[in-house]
>>> print(open('upload-v3.txt').read())   # compact mmCIF, C-alpha atoms
# COMPACT_ATOMS: atom_id res chain seq x y z
CA MET O 1 202.54 132.46 116.18
CA PRO O 2 201.89 131.49 119.80
CA GLN O 3 203.11 127.99 120.55
CA ASP O 4 200.75 126.66 123.18
CA ARG O 5 197.35 127.56 121.97
CA SER O 6 194.49 125.95 123.82
CA LEU O 7 192.39 123.26 122.23
CA PHE O 8 189.39 125.50 122.64
CA TYR O 9 191.16 128.19 120.63
CA GLU O 10 191.78 125.70 117.81
CA PHE O 11 188.08 124.92 117.77
CA LYS O 12 186.84 128.48 118.14
CA LYS O 13 188.94 130.06 115.42
CA GLY O 14 187.00 128.23 112.71
CA LEU O 15 183.75 129.78 113.88
CA TRP O 16 184.68 133.42 113.35
CA GLN O 17 188.32 134.40 113.08
CA ASP O 18 189.10 131.92 110.27
CA ILE O 19 185.56 131.07 109.21
CA PRO O 20 185.46 129.60 105.72
CA PRO O 21 184.60 130.82 103.17
CA PHE O 22 184.20 134.38 104.48
CA ARG O 23 187.54 134.87 106.26
CA LEU O 24 189.44 131.83 105.03
CA LEU O 25 188.62 132.19 101.35
CA LEU O 26 188.67 128.47 100.62
CA GLY O 27 185.89 126.13 99.59
CA LEU O 28 184.32 128.77 97.37
CA CYS O 29 183.06 126.31 94.76
CA PRO O 30 180.69 124.38 97.04
CA ALA O 31 179.76 127.64 98.76
CA LEU O 32 178.61 129.02 95.42
CA ALA O 33 177.15 125.83 93.99
CA VAL O 34 175.23 124.27 96.86
CA SER O 35 173.91 127.23 98.85
CA ASN O 36 170.69 127.85 96.95
CA SER O 37 168.49 126.55 99.73
CA ALA O 38 169.00 126.25 103.47
CA ILE O 39 168.73 122.47 103.51
CA ASN O 40 171.23 122.03 100.64
CA GLY O 41 173.73 124.28 102.40
CA LEU O 42 173.32 122.43 105.68
CA SER O 43 173.65 118.96 104.12
CA MET O 44 176.70 119.92 102.08
CA GLY O 45 178.27 121.53 105.15
CA LEU O 46 177.76 118.41 107.25
CA ALA O 47 179.06 116.06 104.54
CA THR O 48 182.15 118.27 104.18
CA LEU O 49 182.58 118.35 107.96
CA PHE O 50 182.59 114.55 108.04
CA VAL O 51 185.19 114.16 105.28
CA LEU O 52 187.29 117.02 106.65
CA PHE O 53 187.36 115.45 110.10
CA THR O 54 188.09 111.86 109.07
CA SER O 55 190.66 112.62 106.37
CA ASN O 56 192.59 115.05 108.56
CA MET O 57 192.66 112.55 111.42
CA VAL O 58 194.28 110.06 109.01
CA VAL O 59 196.71 112.71 107.78
CA SER O 60 197.62 113.57 111.37
CA LEU O 61 198.18 109.86 112.14
CA ILE O 62 200.47 109.23 109.19
CA ARG O 63 202.23 112.62 109.31
CA ARG O 64 205.55 111.16 110.49
CA THR O 65 205.71 108.25 108.03
CA ILE O 66 204.93 110.18 104.85
CA SER O 67 207.87 111.52 102.90
CA ALA O 68 207.47 115.28 102.42
CA LYS O 69 207.95 115.03 98.67
CA VAL O 70 204.97 112.75 98.10
CA ARG O 71 202.70 114.15 100.79
CA ILE O 72 200.25 115.85 98.43
CA PRO O 73 199.45 112.74 96.33
CA ALA O 74 199.25 110.72 99.54
CA TYR O 75 196.74 113.17 101.08
CA VAL O 76 194.71 113.30 97.89
CA VAL O 77 194.43 109.49 97.90
CA VAL O 78 193.30 109.56 101.55
CA ILE O 79 190.71 112.26 100.85
CA ALA O 80 189.43 110.63 97.66
CA THR O 81 189.09 107.27 99.41
CA LEU O 82 187.10 108.76 102.26
CA VAL O 83 184.85 110.73 99.92
CA THR O 84 184.12 107.60 97.91
CA VAL O 85 183.42 105.63 101.09
CA THR O 86 181.04 108.39 102.21
CA ASP O 87 179.33 108.37 98.82
CA ILE O 88 178.88 104.58 98.79
CA PHE O 89 177.81 104.55 102.45
CA LEU O 90 175.12 107.18 101.88
CA ALA O 91 173.84 105.39 98.77
CA ALA O 92 173.60 102.11 100.68
CA VAL O 93 172.25 103.29 104.03
CA PHE O 94 170.62 106.68 103.46
CA PRO O 95 169.43 106.58 99.83
CA ALA O 96 167.22 109.66 100.35
CA ILE O 97 170.11 111.89 101.43
CA SER O 98 172.32 110.43 98.72
CA LYS O 99 169.66 111.28 96.14
CA ALA O 100 169.25 114.84 97.43
CA LEU O 101 172.97 115.60 97.43
CA GLY O 102 173.44 113.83 94.11
CA PRO O 103 176.64 114.88 92.40
CA TYR O 104 177.86 117.12 95.19
CA ILE O 105 179.37 114.42 97.40
CA PRO O 106 182.05 113.37 94.89
CA LEU O 107 182.87 117.07 94.52
CA ILE O 108 184.03 117.22 98.14
CA VAL O 109 187.31 115.75 96.80
CA ALA O 110 187.96 119.06 95.12
CA ASN O 111 187.12 121.14 98.18
CA CYS O 112 190.37 122.90 98.94
CA ILE O 113 189.51 123.42 102.60
CA ILE O 114 190.25 119.76 103.19
CA LEU O 115 193.66 119.70 101.52
CA GLY O 116 194.27 123.18 102.92
CA ARG O 117 193.76 122.09 106.52
CA ALA O 118 195.82 118.93 105.93
CA GLU O 119 198.72 121.08 104.71
CA ALA O 120 198.35 123.92 107.16
CA PHE O 121 197.42 122.04 110.28
CA ALA O 122 196.97 118.27 110.38
CA GLN O 123 200.42 117.38 109.07
CA LYS O 124 202.07 119.43 111.84
CA ASN O 125 199.84 118.56 114.78
CA PRO O 126 198.81 115.54 116.84
CA LEU O 127 195.35 114.06 116.78
CA LEU O 128 193.60 116.11 119.45
CA PRO O 129 194.37 119.62 118.16
CA THR O 130 193.66 118.39 114.62
CA ALA O 131 190.27 117.13 115.73
CA MET O 132 189.45 120.50 117.31
CA ASP O 133 190.72 122.43 114.30
CA THR O 134 188.74 120.43 111.74
CA LEU O 135 185.57 120.39 113.84
CA GLY O 136 185.77 124.18 114.20
CA ILE O 137 186.50 124.83 110.53
CA GLY O 138 183.90 122.25 109.47
CA LEU O 139 181.19 123.73 111.71
CA GLY O 140 182.11 127.22 110.55
CA PHE O 141 181.76 126.10 106.94
CA THR O 142 178.42 124.42 107.72
CA MET O 143 177.16 127.62 109.38
CA SER O 144 178.33 129.75 106.44
CA LEU O 145 176.70 127.54 103.83
CA THR O 146 173.48 127.35 105.83
CA LEU O 147 173.45 131.14 106.26
CA MET O 148 173.96 131.65 102.53
CA GLY O 149 171.26 129.08 101.87
CA VAL O 150 168.82 130.84 104.20
CA ILE O 151 169.44 134.25 102.61
CA ARG O 152 169.13 132.93 99.08
CA GLU O 153 166.06 130.84 99.85
CA VAL O 154 164.27 133.73 101.59
CA LEU O 155 164.93 136.13 98.73
CA GLY O 156 164.53 133.61 95.94
CA PHE O 157 161.56 131.64 97.20
CA GLY O 158 160.22 133.43 100.26
CA SER O 159 160.79 130.32 102.36
CA VAL O 160 163.29 128.85 104.83
CA PHE O 161 163.97 125.09 104.97
CA GLY O 162 161.00 124.70 102.66
CA VAL O 163 158.62 126.56 105.02
CA LYS O 164 156.91 129.57 103.43
CA LEU O 165 157.80 132.75 105.30
CA LEU O 166 156.65 135.53 103.03
CA GLY O 167 153.12 135.80 101.70
CA SER O 168 151.94 135.79 98.12
CA TRP O 169 152.59 139.54 97.86
CA PHE O 170 156.26 138.69 97.67
CA GLU O 171 157.64 138.43 94.17
CA PRO O 172 160.55 135.95 94.46
CA TRP O 173 163.90 137.12 93.14
CA ILE O 174 164.65 134.05 91.04
CA VAL O 175 168.16 135.40 90.40
CA MET O 176 169.08 134.63 94.01
CA ILE O 177 168.61 130.90 93.36
CA LEU O 178 170.70 131.06 90.18
CA PRO O 179 174.51 131.18 90.15
CA ALA O 180 174.52 135.00 89.96
CA GLY O 181 172.74 135.14 93.32
CA ALA O 182 175.46 133.00 94.87
CA PHE O 183 178.11 135.52 93.85
CA LEU O 184 176.03 138.44 95.14
CA VAL O 185 175.39 136.85 98.53
CA LEU O 186 178.95 135.56 98.93
CA GLY O 187 180.40 138.98 98.03
CA ALA O 188 178.06 140.78 100.41
CA LEU O 189 178.85 138.40 103.27
CA VAL O 190 182.62 138.51 102.73
CA ALA O 191 182.40 142.31 102.81
CA LEU O 192 180.19 142.33 105.90
CA VAL O 193 182.34 139.87 107.87
CA GLY O 194 185.47 141.74 106.81
CA TRP O 195 183.98 145.07 107.88
CA ILE O 196 182.91 143.77 111.29
CA SER O 197 186.33 142.17 111.84
CA SER O 198 188.26 145.29 110.91
CA ARG O 199 186.10 147.46 113.18
CA LYS O 200 186.64 145.02 116.01
CA ALA O 201 190.40 145.02 115.39
CA ALA O 202 190.42 148.83 115.32
CA ARG O 203 188.54 149.01 118.64
CA GLU O 204 190.91 146.54 120.25
CA ALA O 205 193.90 148.48 118.99
CA ALA O 206 192.44 151.72 120.38
CA ALA O 207 191.80 150.03 123.74
CA ALA O 208 195.34 148.64 123.86
CA GLU O 209 196.93 151.99 123.01
CA PRO O 210 196.66 153.79 126.41
CA ALA O 211 197.71 150.66 128.28
CA SER O 212 200.95 150.40 126.40
CA HIS O 213 202.06 153.90 127.37
CA MET J 1 216.21 103.54 103.56
CA ASN J 2 216.87 106.23 101.01
CA GLY J 3 214.42 108.91 99.96
CA VAL J 4 213.24 107.35 96.72
CA THR J 5 212.46 103.97 98.30
CA LYS J 6 210.56 105.68 101.07
CA MET J 7 208.50 107.72 98.62
CA LEU J 8 207.70 104.61 96.60
CA LEU J 9 206.78 102.63 99.68
CA ASN J 10 204.62 105.47 100.96
CA LEU J 11 202.62 105.66 97.78
CA ILE J 12 202.39 101.91 97.25
CA ILE J 13 201.15 101.29 100.78
CA ILE J 14 198.66 104.16 100.70
CA GLY J 15 197.39 103.09 97.29
CA ALA J 16 197.03 99.47 98.34
CA LEU J 17 195.26 100.38 101.58
CA SER J 18 192.93 102.70 99.73
CA GLY J 19 192.12 99.97 97.22
CA ALA J 20 191.50 97.45 99.98
CA VAL J 21 189.20 99.82 101.90
CA LEU J 22 187.26 100.75 98.77
CA SER J 23 186.76 97.18 97.58
CA GLY J 24 185.74 96.13 101.09
CA VAL J 25 183.20 98.93 101.44
CA PHE J 26 181.90 98.38 97.94
CA THR J 27 181.47 94.63 98.42
CA ALA J 28 179.52 95.26 101.61
CA ALA J 29 177.43 98.09 100.18
CA ASP J 30 176.72 96.87 96.66
CA PRO J 31 173.88 94.45 97.53
CA MET J 32 172.30 97.18 99.66
CA ILE J 33 172.55 99.73 96.87
CA LYS J 34 171.02 97.26 94.41
CA ALA J 35 168.24 96.47 96.89
CA ASN J 36 167.61 100.21 97.34
CA LYS J 37 167.30 100.66 93.57
CA GLU J 38 164.94 97.71 93.35
CA GLN J 39 162.90 99.06 96.25
CA GLU J 40 162.83 102.50 94.63
CA LEU J 41 161.56 100.96 91.40
CA ARG J 42 158.83 99.00 93.21
CA GLU J 43 157.76 102.08 95.13
CA ALA J 44 157.66 104.11 91.93
CA VAL J 45 155.47 101.52 90.21
CA PHE J 46 153.04 101.46 93.15
CA TYR J 47 153.10 105.27 93.27
CA VAL J 48 152.07 105.65 89.63
CA LEU J 49 149.58 102.76 89.80
CA PRO J 50 147.90 103.29 93.17
CA GLU J 51 145.44 100.41 92.73
CA ALA J 52 148.14 97.88 91.96
CA ARG J 53 149.00 95.30 94.62
CA ASP J 54 151.67 93.58 92.57
CA PHE J 55 153.14 93.81 89.13
CA VAL J 56 154.50 91.57 86.40
CA LYS J 57 157.51 92.50 84.35
CA VAL J 58 156.88 92.21 80.60
CA GLU J 59 159.91 92.48 78.34
CA LYS J 60 160.11 92.83 74.59
CA THR J 61 162.98 93.40 72.24
CA VAL J 62 162.17 95.75 69.42
CA GLY J 63 165.09 96.09 67.03
CA GLN J 64 168.08 96.99 69.15
CA GLU J 65 166.01 98.23 72.02
CA LYS J 66 164.75 96.34 75.02
CA LEU J 67 161.37 97.59 76.19
CA VAL J 68 160.20 96.85 79.72
CA VAL J 69 156.68 97.35 80.98
CA TYR J 70 155.44 96.65 84.49
CA LYS J 71 151.88 95.44 84.34
CA GLY J 72 150.15 96.40 87.57
CA ILE J 73 147.61 93.90 88.91
CA ASN J 74 145.16 93.93 91.80
CA GLU J 75 144.41 91.21 94.39
CA ASN J 76 142.65 89.03 91.81
CA GLY J 77 145.39 89.26 89.22
CA GLU J 78 143.33 91.65 87.09
CA PRO J 79 145.35 94.31 85.30
CA VAL J 80 144.89 97.87 86.60
CA GLY J 81 147.37 99.72 84.44
CA MET J 82 150.88 99.67 83.16
CA ALA J 83 154.01 101.40 84.32
CA PHE J 84 157.18 102.00 82.37
CA LYS J 85 160.30 104.08 82.51
CA ALA J 86 160.72 107.20 80.41
CA ASP J 87 164.28 108.44 80.12
CA GLY J 88 165.60 111.35 78.14
CA ASN J 89 167.60 114.54 78.24
CA GLY J 90 166.68 117.16 80.75
CA PHE J 91 168.21 120.60 81.14
CA GLN J 92 171.61 119.25 82.16
CA ALA J 93 171.47 115.49 82.36
CA ASN J 94 169.13 112.54 82.03
CA ILE J 95 165.68 112.76 83.58
CA GLY J 96 164.42 109.31 84.52
CA LEU J 97 160.68 108.98 85.05
CA MET J 98 158.25 106.22 85.91
CA VAL J 99 154.99 106.67 84.05
CA GLY J 100 151.69 105.01 84.90
CA LEU J 101 149.28 104.56 82.00
CA ASP J 102 145.64 103.57 82.27
CA LEU J 103 144.53 100.51 80.33
CA ASP J 104 142.35 102.73 78.15
CA TYR J 105 145.68 103.84 76.66
CA LEU J 106 144.46 107.41 76.87
CA LYS J 107 144.97 108.69 80.39
CA LEU J 108 147.98 108.76 82.66
CA LYS J 109 147.56 107.48 86.18
CA GLY J 110 150.56 109.34 87.54
CA ILE J 111 154.27 109.94 87.17
CA GLU J 112 157.24 109.69 89.49
CA VAL J 113 160.71 111.16 89.06
CA LEU J 114 163.44 108.57 89.60
CA ASP J 115 166.59 110.40 88.52
CA GLN J 116 167.22 114.02 87.78
CA LEU J 117 170.01 116.56 88.00
CA GLU J 118 167.98 119.66 87.16
CA THR J 119 168.88 123.06 88.58
CA PRO J 120 168.23 122.93 92.31
CA GLY J 121 165.35 125.18 93.25
CA LEU J 122 164.15 125.58 89.68
CA GLY J 123 164.11 122.53 87.43
CA ASP J 124 164.19 120.11 90.31
CA ARG J 125 160.68 121.24 91.22
CA ILE J 126 159.55 118.59 88.71
CA ARG J 127 159.73 116.40 91.83
CA ASP J 128 157.09 118.47 93.64
CA GLU J 129 153.71 116.87 94.21
CA SER J 130 152.01 119.93 92.71
CA PHE J 131 153.79 119.30 89.41
CA LYS J 132 153.48 115.50 89.37
CA ASP J 133 149.79 115.61 90.32
CA GLN J 134 149.02 117.47 87.10
CA PHE J 135 149.69 114.24 85.22
CA LYS J 136 146.99 112.26 87.02
CA GLY J 137 144.22 111.73 84.49
CA LEU J 138 146.07 113.69 81.83
CA GLU J 139 145.27 112.62 78.26
CA VAL J 140 148.20 111.50 76.16
CA LYS J 141 146.47 111.89 72.81
CA PRO J 142 147.33 113.40 70.45
CA ARG J 143 150.27 114.29 72.70
CA ILE J 144 150.90 116.02 76.01
CA GLU J 145 151.47 119.75 75.78
CA TYR J 146 152.40 122.48 78.20
CA ILE J 147 151.13 125.97 78.75
CA LYS J 148 152.89 128.82 80.52
CA PHE J 149 151.66 131.04 83.36
CA ARG J 150 148.04 129.93 83.00
CA LYS J 151 145.90 127.06 84.13
CA PRO J 152 145.66 124.26 81.54
CA GLU J 153 142.71 124.59 79.18
CA LYS J 154 142.73 121.25 77.38
CA PRO J 155 142.68 117.71 78.83
CA ASN J 156 146.14 117.06 77.40
CA GLN J 157 147.80 120.14 78.89
CA ILE J 158 149.80 120.83 82.00
CA GLN J 159 151.12 124.10 83.35
CA ALA J 160 154.91 124.41 83.04
CA ILE J 161 156.88 125.39 86.12
CA THR J 162 157.65 129.11 86.06
CA GLY J 163 161.37 129.58 85.47
CA ALA J 164 161.81 125.93 84.48
CA THR J 165 160.12 125.60 81.14
CA ILE J 166 162.97 123.53 79.71
CA SER J 167 162.72 120.95 82.51
CA SER J 168 158.92 120.84 82.24
CA GLU J 169 159.15 120.40 78.49
CA ALA J 170 161.78 117.66 78.86
CA VAL J 171 159.47 115.71 81.17
CA ILE J 172 156.65 115.97 78.65
CA LYS J 173 158.87 114.98 75.73
CA ASN J 174 160.13 111.92 77.63
CA ILE J 175 156.60 110.85 78.47
CA ASN J 176 155.31 111.37 74.94
CA ARG J 177 158.16 109.38 73.45
CA ALA J 178 157.82 106.50 75.93
CA VAL J 179 154.03 106.35 75.66
CA GLU J 180 154.26 106.24 71.88
CA LYS J 181 156.69 103.33 72.02
CA VAL J 182 154.70 101.37 74.57
CA VAL J 183 151.38 101.89 72.81
CA ALA J 184 152.90 100.75 69.50
CA ASN J 185 154.58 97.63 70.89
CA PHE J 186 152.32 96.35 73.65
CA PRO J 187 148.87 95.72 72.19
CA ARG J 188 146.01 96.38 74.54
CA GLU J 189 144.56 92.85 74.37
CA GLU J 190 147.83 91.47 75.63
CA MET J 191 147.82 93.82 78.59
CA MET J 192 144.20 93.13 79.51
CA LYS J 193 144.90 89.45 80.22
CA VAL J 194 144.32 88.35 83.79
CA VAL J 195 147.43 86.98 85.40
CA ASP J 196 146.56 83.49 86.63
CA GLY J 197 147.82 81.82 89.72
CA HIS J 198 150.05 84.68 90.63
CA ARG J 199 151.61 84.66 94.05
CA PRO J 200 152.47 88.05 95.45
CA ALA J 201 156.11 88.35 96.41
CA GLN J 202 157.08 88.70 100.06
CA ALA J 203 157.88 92.39 99.77
CA VAL J 204 154.50 93.06 98.25
CA GLU J 205 152.65 91.37 101.06
CA GLY J 206 154.51 93.61 103.48
CA GLN J 207 153.50 96.56 101.35
CA ASP J 208 149.89 95.43 101.46
CA ALA J 209 149.89 95.32 105.20
CA ALA J 210 151.35 98.81 105.33
CA ARG J 211 148.58 100.25 103.22
>>> encode(input="upload-v3.txt", output="structure tokens")
Amino acid sequence: MPQDRSLFYEFKKGLWQDIPPFRLLLGLCPALAVSNSAINGLSMGLATLFVLFTSNMVVSLIRRTISAKVRIPAYVVVIATLVTVTDIFLAAVFPAISKALGPYIPLIVANCIILGRAEAFAQKNPLLPTAMDTLGIGLGFTMSLTLMGVIREVLGFGSVFGVKLLGSWFEPWIVMILPAGAFLVLGALVALVGWISSRKAAREAAAAEPASH
Amino acid sequence: MNGVTKMLLNLIIIGALSGAVLSGVFTAADPMIKANKEQELREAVFYVLPEARDFVKVEKTVGQEKLVVYKGINENGEPVGMAFKADGNGFQANIGLMVGLDLDYLKLKGIEVLDQLETPGLGDRIRDESFKDQFKGLEVKPRIEYIKFRKPEKPNQIQAITGATISSEAVIKNINRAVEKVVANFPREEMMKVVDGHRPAQAVEGQDAAR
């Protein structure tokens, strides 16, 4: 692992190389549950981004004071507190958003991306790289969920963000809105992203070959 | 400091801080959340009783149950209809509705969905205008029914949402049950009374100006 990776690298890796949930197979539950329309995917992604960012900043701040043996319960308390604060804040200030996201906000607690990044990154790194890492991963997750939402909404309803795209000739595939559709779209996208990545890796390896001789 | 003490201190401090933050946020947010709920309720009553400019809360205890009806009144204090909540099981969890009933005790004036956790994209279309509008002028006697795939044929029928029959049926069941209770316990003569000397609340005056 290279030691001095640039801040931009920490940000960028979440957008393709480690994009959740397609490359970094974490956060599958919200990806399956809340991607049935573009707006749901986007809102869930942004709410997760917020909690991911704030909780990992706290983890990064307290990383030297926390005893390694109790770090997991400590992180869980931090995450749960921030999720609850987010939930209460939305209910008080943005009741419409809180109503739309309903039960999904409390479920961010169980999103393993957040604990995963705390373990893998925030507890070993200072604030600035942690900020870049979580923003990248969070944006990547938001993009993924929105993409899944767009695909499922187009196929399942013929619309995007509530705007009708396809005419009345289109018979909506209701299955795409249902849980089964989530598995189909997620599987297809994981395969597609994996295929593109492996082709890219193969090309780079082929290009590097002559140079090394 | 040995390891055990450090672990204990870590957890105690984090737990205490978390508790302090949560109680602080909650104390600050609770009045706002309550006000939002109140506002939501007012808006729902005005949505289902469009002619109402204010409303009076009428409570009655029947057996174990507390029944609440919001009597909508116009500028002169004359009743224009009554609104009440209709709660009951949906597909997954409670569906909370606000129902507006005409004073003829026969036709609905409108419904609004307050709480629901129906399947996103399917059952949650009970919130769509196109679904809610079907209840305007709908007859509640003998009871509301639904019909699938076709336009309603009778004055007490609505068309169920395709792919969400259970949610549509739950809405109807809730309304039927609530209407039955209200009609049985709030006699019409009582509801027809003009409310004398009523003073519209501040929030309602603001609402008036906005209309």
>>> closest_atom_pairs(input="upload-v3.txt", of="chain O", to="chain J", cutoff="6 Å", atoms="all atoms listed in the file", output="Markdown table")
| residue | atom | partner | partner_atom | distance |
| --- | --- | --- | --- | --- |
| O:Ser67 | CA | J:Met7 | CA | 5.8 |
| O:Thr81 | CA | J:Ser18 | CA | 6.0 |
| O:Ala92 | CA | J:Ile33 | CA | 4.6 |
>>> residues_around(input="upload-v3.txt", residues="stretch 187-190 of chain J", least_positions_apart="2", cutoff="9 Å", atoms="only C-alpha atoms", output="list in words")
Leu103, Asp104, Tyr105, Val182, Val183, Ala184, Asn185, Met192 and Lys193 of chain J
>>> atom_distance(input="upload-v3.txt", atom1="atom CA of O:Val185", atom2="atom CA of O:Leu28")
12.1 Å
>>> residues_around(input="upload-v3.txt", residues="stretch 56-64 of chain O", least_positions_apart="5", cutoff="7 Å", atoms="only C-alpha atoms", output="list in words")
Tyr75, Ala118, Ala122, Gln123, Asn125, Pro126, Leu127, Thr130 and Ala131 of chain O
>>> atom_distance(input="upload-v3.txt", atom1="atom CA of J:Gln64", atom2="atom CA of J:Ala178")
15.5 Å
>>> atom_distance(input="upload-v3.txt", atom1="atom CA of J:Leu67", atom2="atom CA of J:Ile166")
26.2 Å
>>> closest_residue(input="upload-v3.txt", among="J:Ile95, J:Pro50, J:Glu43, J:Phe55", to="J:Lys136", atoms="only C-alpha atoms")
J:Pro50
>>> residues_around(input="upload-v3.txt", residues="O:Asn111", least_positions_apart="3", cutoff="12 Å", atoms="only C-alpha atoms", output="PDB file with C-alpha atoms, in the frame of the given file")
ATOM      1  CA  PRO O  20     185.460 129.600 105.720  1.00  0.00           C
ATOM      2  CA  PRO O  21     184.600 130.820 103.170  1.00  0.00           C
ATOM      3  CA  LEU O  25     188.620 132.190 101.350  1.00  0.00           C
ATOM      4  CA  LEU O  26     188.670 128.470 100.620  1.00  0.00           C
ATOM      5  CA  GLY O  27     185.890 126.130  99.590  1.00  0.00           C
ATOM      6  CA  LEU O  28     184.320 128.770  97.370  1.00  0.00           C
ATOM      7  CA  CYS O  29     183.060 126.310  94.760  1.00  0.00           C
ATOM      8  CA  PRO O  30     180.690 124.380  97.040  1.00  0.00           C
ATOM      9  CA  ALA O  31     179.760 127.640  98.760  1.00  0.00           C
ATOM     10  CA  LEU O  32     178.610 129.020  95.420  1.00  0.00           C
ATOM     11  CA  ALA O  33     177.150 125.830  93.990  1.00  0.00           C
ATOM     12  CA  MET O  44     176.700 119.920 102.080  1.00  0.00           C
ATOM     13  CA  GLY O  45     178.270 121.530 105.150  1.00  0.00           C
ATOM     14  CA  ALA O  47     179.060 116.060 104.540  1.00  0.00           C
ATOM     15  CA  THR O  48     182.150 118.270 104.180  1.00  0.00           C
ATOM     16  CA  LEU O  49     182.580 118.350 107.960  1.00  0.00           C
ATOM     17  CA  VAL O  51     185.190 114.160 105.280  1.00  0.00           C
ATOM     18  CA  LEU O  52     187.290 117.020 106.650  1.00  0.00           C
ATOM     19  CA  VAL O  76     194.710 113.300  97.890  1.00  0.00           C
ATOM     20  CA  ILE O  79     190.710 112.260 100.850  1.00  0.00           C
ATOM     21  CA  ALA O  80     189.430 110.630  97.660  1.00  0.00           C
ATOM     22  CA  VAL O  83     184.850 110.730  99.920  1.00  0.00           C
ATOM     23  CA  TYR O 104     177.860 117.120  95.190  1.00  0.00           C
ATOM     24  CA  ILE O 105     179.370 114.420  97.400  1.00  0.00           C
ATOM     25  CA  PRO O 106     182.050 113.370  94.890  1.00  0.00           C
ATOM     26  CA  LEU O 107     182.870 117.070  94.520  1.00  0.00           C
ATOM     27  CA  ILE O 108     184.030 117.220  98.140  1.00  0.00           C
ATOM     28  CA  ILE O 114     190.250 119.760 103.190  1.00  0.00           C
ATOM     29  CA  LEU O 115     193.660 119.700 101.520  1.00  0.00           C
ATOM     30  CA  GLY O 116     194.270 123.180 102.920  1.00  0.00           C
ATOM     31  CA  ARG O 117     193.760 122.090 106.520  1.00  0.00           C
ATOM     32  CA  ALA O 118     195.820 118.930 105.930  1.00  0.00           C
ATOM     33  CA  GLY O 138     183.900 122.250 109.470  1.00  0.00           C
ATOM     34  CA  PHE O 141     181.760 126.100 106.940  1.00  0.00           C
TER      35      PHE O 141
END
>>> closest_residue(input="upload-v3.txt", among="O:Leu128, O:Leu145, O:Ala120, O:Ala68", to="O:Ser43", atoms="only C-alpha atoms")
O:Leu145
>>> residues_around(input="upload-v3.txt", residues="J:Lys107", least_positions_apart="6", cutoff="7 Å", atoms="only C-alpha atoms", output="list in words")
Leu101, Gly137, Leu138, Glu139 and Val140 of chain J
>>> residues_around(input="upload-v3.txt", residues="J:Ile158", least_positions_apart="3", cutoff="8 Å", atoms="all atoms listed in the file", output="tab-separated table (two decimals) with C-alpha atoms, in the frame of the given file")
chain	number	residue	atom	x	y	z
J	134	GLN	CA	149.02	117.47	87.10
J	135	PHE	CA	149.69	114.24	85.22
J	144	ILE	CA	150.90	116.02	76.01
J	145	GLU	CA	151.47	119.75	75.78
J	146	TYR	CA	152.40	122.48	78.20
J	147	ILE	CA	151.13	125.97	78.75
J	151	LYS	CA	145.90	127.06	84.13
J	152	PRO	CA	145.66	124.26	81.54
>>> decode(input="upload-v3.txt", residues="stretch 200-211 of chain O", atoms="N, CA and C atoms", output="PDB file, in the first residue's frame")
ATOM      1  N   LYS O 200     -10.232  -2.921 -18.035  1.00  0.00           N
ATOM      2  CA  LYS O 200      -9.322  -1.801 -17.897  1.00  0.00           C
ATOM      3  C   LYS O 200      -7.995  -2.287 -17.304  1.00  0.00           C
ATOM      4  N   ALA O 201      -8.082  -3.139 -16.296  1.00  0.00           N
ATOM      5  CA  ALA O 201      -6.873  -3.671 -15.660  1.00  0.00           C
ATOM      6  C   ALA O 201      -6.059  -4.474 -16.661  1.00  0.00           C
ATOM      7  N   ALA O 202      -6.756  -5.260 -17.500  1.00  0.00           N
ATOM      8  CA  ALA O 202      -6.058  -6.080 -18.492  1.00  0.00           C
ATOM      9  C   ALA O 202      -5.340  -5.193 -19.506  1.00  0.00           C
ATOM     10  N   ARG O 203      -6.014  -4.110 -19.934  1.00  0.00           N
ATOM     11  CA  ARG O 203      -5.388  -3.190 -20.898  1.00  0.00           C
ATOM     12  C   ARG O 203      -4.152  -2.537 -20.307  1.00  0.00           C
ATOM     13  N   GLU O 204      -4.278  -2.116 -19.040  1.00  0.00           N
ATOM     14  CA  GLU O 204      -3.148  -1.459 -18.386  1.00  0.00           C
ATOM     15  C   GLU O 204      -1.977  -2.418 -18.232  1.00  0.00           C
ATOM     16  N   ALA O 205      -2.299  -3.662 -17.912  1.00  0.00           N
ATOM     17  CA  ALA O 205      -1.247  -4.670 -17.770  1.00  0.00           C
ATOM     18  C   ALA O 205      -0.551  -4.894 -19.100  1.00  0.00           C
ATOM     19  N   ALA O 206      -1.332  -4.947 -20.184  1.00  0.00           N
ATOM     20  CA  ALA O 206      -0.770  -5.158 -21.526  1.00  0.00           C
ATOM     21  C   ALA O 206       0.116  -3.975 -21.914  1.00  0.00           C
ATOM     22  N   ALA O 207      -0.317  -2.754 -21.539  1.00  0.00           N
ATOM     23  CA  ALA O 207       0.454  -1.558 -21.882  1.00  0.00           C
ATOM     24  C   ALA O 207       1.752  -1.507 -21.081  1.00  0.00           C
ATOM     25  N   ALA O 208       1.702  -2.026 -19.848  1.00  0.00           N
ATOM     26  CA  ALA O 208       2.885  -1.975 -18.986  1.00  0.00           C
ATOM     27  C   ALA O 208       3.917  -3.031 -19.379  1.00  0.00           C
ATOM     28  N   GLU O 209       3.456  -4.090 -19.997  1.00  0.00           N
ATOM     29  CA  GLU O 209       4.309  -5.234 -20.341  1.00  0.00           C
ATOM     30  C   GLU O 209       5.562  -4.849 -21.135  1.00  0.00           C
ATOM     31  N   PRO O 210       5.412  -4.209 -22.332  1.00  0.00           N
ATOM     32  CA  PRO O 210       6.600  -3.911 -23.137  1.00  0.00           C
ATOM     33  C   PRO O 210       7.565  -2.977 -22.404  1.00  0.00           C
ATOM     34  N   ALA O 211       7.013  -2.068 -21.612  1.00  0.00           N
ATOM     35  CA  ALA O 211       7.852  -1.087 -20.933  1.00  0.00           C
ATOM     36  C   ALA O 211       8.780  -1.747 -19.924  1.00  0.00           C
TER      37      ALA O 211
END
